[in-house]
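> Sending over a structure as structure tokens; questions will come in a sec.
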Amino acid sequence: MTPEAATERNLAVARKAPVIPVLVISDAGRAKGLAEALVAGGIYALEVTLRTPDALAAITAMAEVPGAIVGAGTLLSPDDARRAQDAGATFGVSPGSTEKLLDTAEAIGLPMLPGAATATEAMWLLERGYGFQKFFPAEAIGGAPALKSLAGPLPQITFCPTGGITAANAQTYLSLPNTVCVGGSWVAPNDKVAAGDWAAITALAAEAAKLKAT
Ligand code: 3PG
């Protein structure tokens with residue numbers, strides 16, 4: 001898969017809802033219920049981070065939920081990309097970008113949303129063909145003003161900022177000209193997931209789904 005095709009595919013996925021939940025799942029037994037709760041609230045693209053032993057099993061369980069588009073996050077190595085795809089992930093997200101990771105993802109046909117934090121990193125990815133990038137860690141590297149500043153010289157790049165985004169600041173990002181969606185963990189708080197409080201998560205998802213990328 002070319003970077004251009006990956007960009008096009010991930011932009012189409014990102015446009016389905018304004019928020020991509022960033023999920024750290026410690027119990028795969030909770031994964032199906034969580035995905036169903038998020039989809040019921042109108043949030044479809046779900047990023048399961050490869051940060052827990054249960055992450056791959058969670059991806060497999062969530063991929064069976066109708067309406068869910070399940071991706072894998074925190075991809076750091078070629079092996080991560082392969083394992084994520086084998087588990088059922090249909091897109092990949094990485095906090096930064098390496099040639100080895102992108103080479104593998106392109107070879108196996110896993111569309112990447114690769115991370116950038118600076119103009120140089122964004123330009124490097126653009127040169128490779130990735131016009132849609134994760135802006136990470138958004139709040140810590142200057143937040144919405146920093147991301148807005150990239151729109152001047154780099155208007156051809158679209159971003160999904162993540163890192164420190166909440167219900168309170170998400171709309172500020174979504175109102176930027178170069179932002180199509182945001183990523184964040186606030187829609188699936190650990191205590192609600194652990195308790196299986198799916199109604200609360202559907203309510204958070206429904207609030208998030210009302211946000212608008214303008
Ligand atoms: C991450 O990779 O941890 C995401 O950027 C989520 O960050 P958050 O927990 O601050 O939403």
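Each chain of the structure tokens is named A, B, ... in the order shown, its residues numbered from 1; ligands are numbered from 1 in display order.
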List the spatial neighbours of A:Thr158 as number ranges by chain - criterion: any atom at most 9 Å away, only C-alpha atoms, same-chain residues fewer than 5 positions off excluded.
A: 11, 131-134, 151, 177-180
> Take the residues just selected and output them with all heavy atoms as a compact mmCIF listing (two decimals), in the first residue's frame.

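The result, stored in part_20.txt:
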# COMPACT_ATOMS: atom_id res chain seq x y z
N LEU A 11 -7.90 9.11 6.11
CA LEU A 11 -8.72 10.33 6.14
C LEU A 11 -10.20 9.98 6.06
O LEU A 11 -11.02 10.58 6.76
CB LEU A 11 -8.36 11.25 4.96
CG LEU A 11 -7.22 12.24 5.22
CD1 LEU A 11 -6.85 12.96 3.93
CD2 LEU A 11 -7.57 13.24 6.31
N GLY A 131 0.16 12.61 3.93
CA GLY A 131 -0.43 13.94 4.08
C GLY A 131 -1.37 14.03 5.26
O GLY A 131 -1.96 15.09 5.52
N PHE A 132 -1.55 12.92 5.97
CA PHE A 132 -2.38 12.88 7.18
C PHE A 132 -1.53 12.30 8.28
O PHE A 132 -1.03 11.18 8.16
CB PHE A 132 -3.63 12.03 6.92
CG PHE A 132 -4.57 11.93 8.09
CD1 PHE A 132 -4.76 12.97 8.98
CD2 PHE A 132 -5.32 10.77 8.29
CE1 PHE A 132 -5.64 12.87 10.06
CE2 PHE A 132 -6.22 10.66 9.34
CZ PHE A 132 -6.36 11.72 10.23
N GLN A 133 -1.34 13.08 9.35
CA GLN A 133 -0.40 12.70 10.40
C GLN A 133 -1.00 12.92 11.78
O GLN A 133 -1.86 13.76 11.98
CB GLN A 133 0.87 13.58 10.29
CG GLN A 133 1.53 13.50 8.91
CD GLN A 133 2.64 14.53 8.72
OE1 GLN A 133 3.07 15.18 9.66
NE2 GLN A 133 3.09 14.67 7.48
N LYS A 134 -0.49 12.15 12.72
CA LYS A 134 -0.83 12.37 14.13
C LYS A 134 0.09 13.47 14.66
O LYS A 134 1.30 13.46 14.39
CB LYS A 134 -0.61 11.06 14.89
CG LYS A 134 -0.58 11.16 16.40
CD LYS A 134 -0.69 9.77 17.01
CE LYS A 134 -0.18 9.76 18.44
NZ LYS A 134 -0.91 8.81 19.29
N ALA A 151 -0.24 25.21 9.96
CA ALA A 151 -1.14 25.33 8.81
C ALA A 151 -0.67 26.40 7.83
O ALA A 151 -0.98 26.34 6.64
CB ALA A 151 -2.57 25.63 9.28
N PRO A 177 -7.95 24.79 10.75
CA PRO A 177 -8.12 24.41 9.35
C PRO A 177 -7.43 23.09 8.97
O PRO A 177 -7.80 22.44 8.00
CB PRO A 177 -7.48 25.58 8.57
CG PRO A 177 -6.58 26.25 9.55
CD PRO A 177 -7.18 26.04 10.90
N ASN A 178 -6.41 22.70 9.77
CA ASN A 178 -5.63 21.51 9.41
C ASN A 178 -5.93 20.31 10.32
O ASN A 178 -5.12 19.39 10.42
CB ASN A 178 -4.12 21.83 9.44
CG ASN A 178 -3.66 22.38 10.78
OD1 ASN A 178 -4.46 22.69 11.65
ND2 ASN A 178 -2.35 22.49 10.94
N THR A 179 -7.07 20.32 10.99
CA THR A 179 -7.41 19.22 11.91
C THR A 179 -8.73 18.59 11.50
O THR A 179 -9.74 19.28 11.37
CB THR A 179 -7.50 19.76 13.35
OG1 THR A 179 -6.24 20.31 13.70
CG2 THR A 179 -7.86 18.66 14.32
N VAL A 180 -8.71 17.28 11.30
CA VAL A 180 -9.93 16.59 10.86
C VAL A 180 -10.57 15.79 11.99
O VAL A 180 -11.76 15.52 11.99
CB VAL A 180 -9.64 15.72 9.62
CG1 VAL A 180 -8.73 14.55 9.97
CG2 VAL A 180 -10.89 15.22 8.96
> Could you give me, as a ChimeraX atom specification, the residues within 10 Å of A:Lys16, counting only C-alpha atoms and dropping anything in the same chain fewer than 6 positions from it?
/A:42-45,69,180-181,209
> Given the selection you just returned, output its residues as a file containing C-alpha atoms, formatted as a short mmCIF file (atom, residue, chain, number, x, y, z; two decimals), in the first residue's frame.

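The file below, out-v1.cif, is the result:
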data_model
loop_
_atom_site.label_atom_id
_atom_site.label_comp_id
_atom_site.auth_asym_id
_atom_site.auth_seq_id
_atom_site.Cartn_x
_atom_site.Cartn_y
_atom_site.Cartn_z
CA GLY A 42 -21.48 7.31 17.38
CA ILE A 43 -17.71 6.81 17.66
CA TYR A 44 -16.46 4.27 15.11
CA ALA A 45 -12.69 4.42 14.66
CA ILE A 69 -13.16 0.27 12.68
CA VAL A 180 -9.93 16.59 10.86
CA CYS A 181 -10.26 14.65 14.13
CA ALA A 209 -19.59 12.61 18.49
#
> Identify, counting only C-alpha atoms and all ligand atoms, the protein, DNA and RNA residues located within 7 Å of ligand 1, and give them as a PyMOL selection string.
chain A and resi 22+74+95+136-137+162-166+183-186
> How far is it from atom CA of A:Asn190 to atom CA of A:Ala144, in Å with one decimal?
25.9 Å
> Go ahead and compute the interatomic distance for atom CA of A:Pro3 and atom CA of A:Gln156, in Å to one decimal.
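Pair atom CA of A:Pro3 / atom CA of A:Gln156 returns 14.6 Å.
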> Residues within 8 Å of A:Ala28, please, as JSON, numbers by chain. Count only C-alpha atoms; anything in the same chain fewer than 5 positions from it doesn't count.
{"A": [54, 55, 57, 58, 61]}
> Go ahead and compute the interatomic distance for atom CA of A:Leu75 and atom CA of A:Gly88, in Å to one decimal.
14.1 Å
> Of the candidates A:Leu110, A:Ala140, A:Ala35, A:Leu211, which shows the shortest atom-to-atom distance to A:Arg83, using only C-alpha atoms?
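Ranking A:Leu110, A:Ala140, A:Ala35, A:Leu211 by distance to A:Arg83, first place goes to A:Leu110.
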> Using only C-alpha atoms for the distances, tell me which of A:Ala89, A:Ala194, A:Glu64, A:Glu139 is nearest to A:Asp27.
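So, comparing all the options, the nearest one is A:Ala194.
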> Could you make a table, as JSON lines, of the residues of stretch 27-107 of chain A that have an atom within 10 Å of an atom of stretch 195-202 of chain A, each with its nearest atom pair and distance in Å to one decimal, counting only C-alpha atoms, in chain and number order?

{"residue": "A:Arg30", "atom": "CA", "partner": "A:Gly196", "partner_atom": "CA", "distance": 7.1}
{"residue": "A:Ala31", "atom": "CA", "partner": "A:Gly196", "partner_atom": "CA", "distance": 9.9}
{"residue": "A:Gly33", "atom": "CA", "partner": "A:Trp198", "partner_atom": "CA", "distance": 7.0}
{"residue": "A:Leu34", "atom": "CA", "partner": "A:Trp198", "partner_atom": "CA", "distance": 6.6}
{"residue": "A:Ala35", "atom": "CA", "partner": "A:Trp198", "partner_atom": "CA", "distance": 9.4}
{"residue": "A:Glu36", "atom": "CA", "partner": "A:Trp198", "partner_atom": "CA", "distance": 8.3}
{"residue": "A:Ala37", "atom": "CA", "partner": "A:Thr202", "partner_atom": "CA", "distance": 4.9}
{"residue": "A:Leu38", "atom": "CA", "partner": "A:Thr202", "partner_atom": "CA", "distance": 5.4}
{"residue": "A:Val39", "atom": "CA", "partner": "A:Thr202", "partner_atom": "CA", "distance": 7.7}
{"residue": "A:Ala40", "atom": "CA", "partner": "A:Thr202", "partner_atom": "CA", "distance": 6.1}
{"residue": "A:Gly41", "atom": "CA", "partner": "A:Thr202", "partner_atom": "CA", "distance": 4.6}
{"residue": "A:Gly42", "atom": "CA", "partner": "A:Thr202", "partner_atom": "CA", "distance": 8.2}
{"residue": "A:Ile43", "atom": "CA", "partner": "A:Thr202", "partner_atom": "CA", "distance": 8.9}
> Keeping N, CA, C and O atoms, export the residues of the selection given above as a JSON list (two decimals), in the first residue's frame.

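So part_32.json came out as:
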[["chain", "number", "residue", "atom", "x", "y", "z"],
["A", 30, "ARG", "N", -13.17, -7.20, 28.46],
["A", 30, "ARG", "CA", -13.98, -5.98, 28.43],
["A", 30, "ARG", "C", -14.04, -5.35, 27.03],
["A", 30, "ARG", "O", -14.78, -4.38, 26.82],
["A", 31, "ALA", "N", -13.25, -5.85, 26.10],
["A", 31, "ALA", "CA", -13.05, -5.15, 24.83],
["A", 31, "ALA", "C", -14.32, -5.07, 23.99],
["A", 31, "ALA", "O", -14.65, -4.00, 23.44],
["A", 33, "GLY", "N", -17.53, -5.26, 24.85],
["A", 33, "GLY", "CA", -18.51, -4.36, 25.46],
["A", 33, "GLY", "C", -18.12, -2.90, 25.27],
["A", 33, "GLY", "O", -18.96, -2.04, 25.00],
["A", 34, "LEU", "N", -16.83, -2.64, 25.40],
["A", 34, "LEU", "CA", -16.33, -1.27, 25.24],
["A", 34, "LEU", "C", -16.55, -0.78, 23.81],
["A", 34, "LEU", "O", -17.05, 0.33, 23.58],
["A", 35, "ALA", "N", -16.20, -1.63, 22.84],
["A", 35, "ALA", "CA", -16.39, -1.24, 21.43],
["A", 35, "ALA", "C", -17.87, -1.02, 21.13],
["A", 35, "ALA", "O", -18.24, -0.05, 20.46],
["A", 36, "GLU", "N", -18.70, -1.90, 21.63],
["A", 36, "GLU", "CA", -20.15, -1.73, 21.40],
["A", 36, "GLU", "C", -20.65, -0.43, 22.01],
["A", 36, "GLU", "O", -21.46, 0.28, 21.40],
["A", 37, "ALA", "N", -20.16, -0.10, 23.20],
["A", 37, "ALA", "CA", -20.60, 1.13, 23.87],
["A", 37, "ALA", "C", -20.17, 2.37, 23.08],
["A", 37, "ALA", "O", -20.93, 3.34, 22.95],
["A", 38, "LEU", "N", -18.96, 2.35, 22.55],
["A", 38, "LEU", "CA", -18.46, 3.50, 21.79],
["A", 38, "LEU", "C", -19.21, 3.65, 20.47],
["A", 38, "LEU", "O", -19.62, 4.75, 20.09],
["A", 39, "VAL", "N", -19.41, 2.54, 19.78],
["A", 39, "VAL", "CA", -20.14, 2.57, 18.50],
["A", 39, "VAL", "C", -21.59, 3.04, 18.73],
["A", 39, "VAL", "O", -22.12, 3.85, 17.96],
["A", 40, "ALA", "N", -22.19, 2.60, 19.83],
["A", 40, "ALA", "CA", -23.57, 3.02, 20.14],
["A", 40, "ALA", "C", -23.65, 4.53, 20.33],
["A", 40, "ALA", "O", -24.67, 5.15, 20.07],
["A", 41, "GLY", "N", -22.55, 5.14, 20.79],
["A", 41, "GLY", "CA", -22.51, 6.59, 20.97],
["A", 41, "GLY", "C", -22.13, 7.35, 19.71],
["A", 41, "GLY", "O", -22.09, 8.58, 19.72],
["A", 42, "GLY", "N", -21.81, 6.63, 18.64],
["A", 42, "GLY", "CA", -21.48, 7.31, 17.38],
["A", 42, "GLY", "C", -20.01, 7.52, 17.14],
["A", 42, "GLY", "O", -19.59, 8.35, 16.34],
["A", 43, "ILE", "N", -19.17, 6.74, 17.84],
["A", 43, "ILE", "CA", -17.71, 6.81, 17.66],
["A", 43, "ILE", "C", -17.28, 5.47, 17.06],
["A", 43, "ILE", "O", -17.49, 4.43, 17.67]]
> Return the single residue from A:Ile20, A:Gly152, A:Leu147, A:Val193 that is closest to A:Thr172, with distances computed using only C-alpha atoms.
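Checking each of A:Ile20, A:Gly152, A:Leu147, A:Val193 against A:Thr172, counting only C-alpha atoms, the winner is A:Leu147.
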> Go through A:Met1, A:Leu176, A:Ala6, A:Ile25 one by one, measure the shortest atom-to-atom distance of each to A:Asp191 using only C-alpha atoms, and give the residue with the smallest value.
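Closest residue, counting only C-alpha atoms: A:Ile25.
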> Pick the closest to A:Ser94 from A:Thr120, A:Gln171, A:Thr7, A:Thr49: which is it, counting only C-alpha atoms?
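Comparing A:Thr120, A:Gln171, A:Thr7, A:Thr49 against A:Ser94, the winner is A:Thr49.
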> Find, counting only C-alpha atoms, the residue in A:Ala14, A:Met123, A:Leu23, A:Ala138 that gets nearest to A:Phe91.
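Smallest distance to A:Phe91 is found for A:Ala14.
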> Determine which residues of stretch 2-170 of chain A DSSP labels as helix (DSSP H, G or I) from the backbone of this structure, then write them out as a PyMOL selection string.
chain A and resi 3-14+28-40+55-63+78-87+99-108+119-128+143-151+170
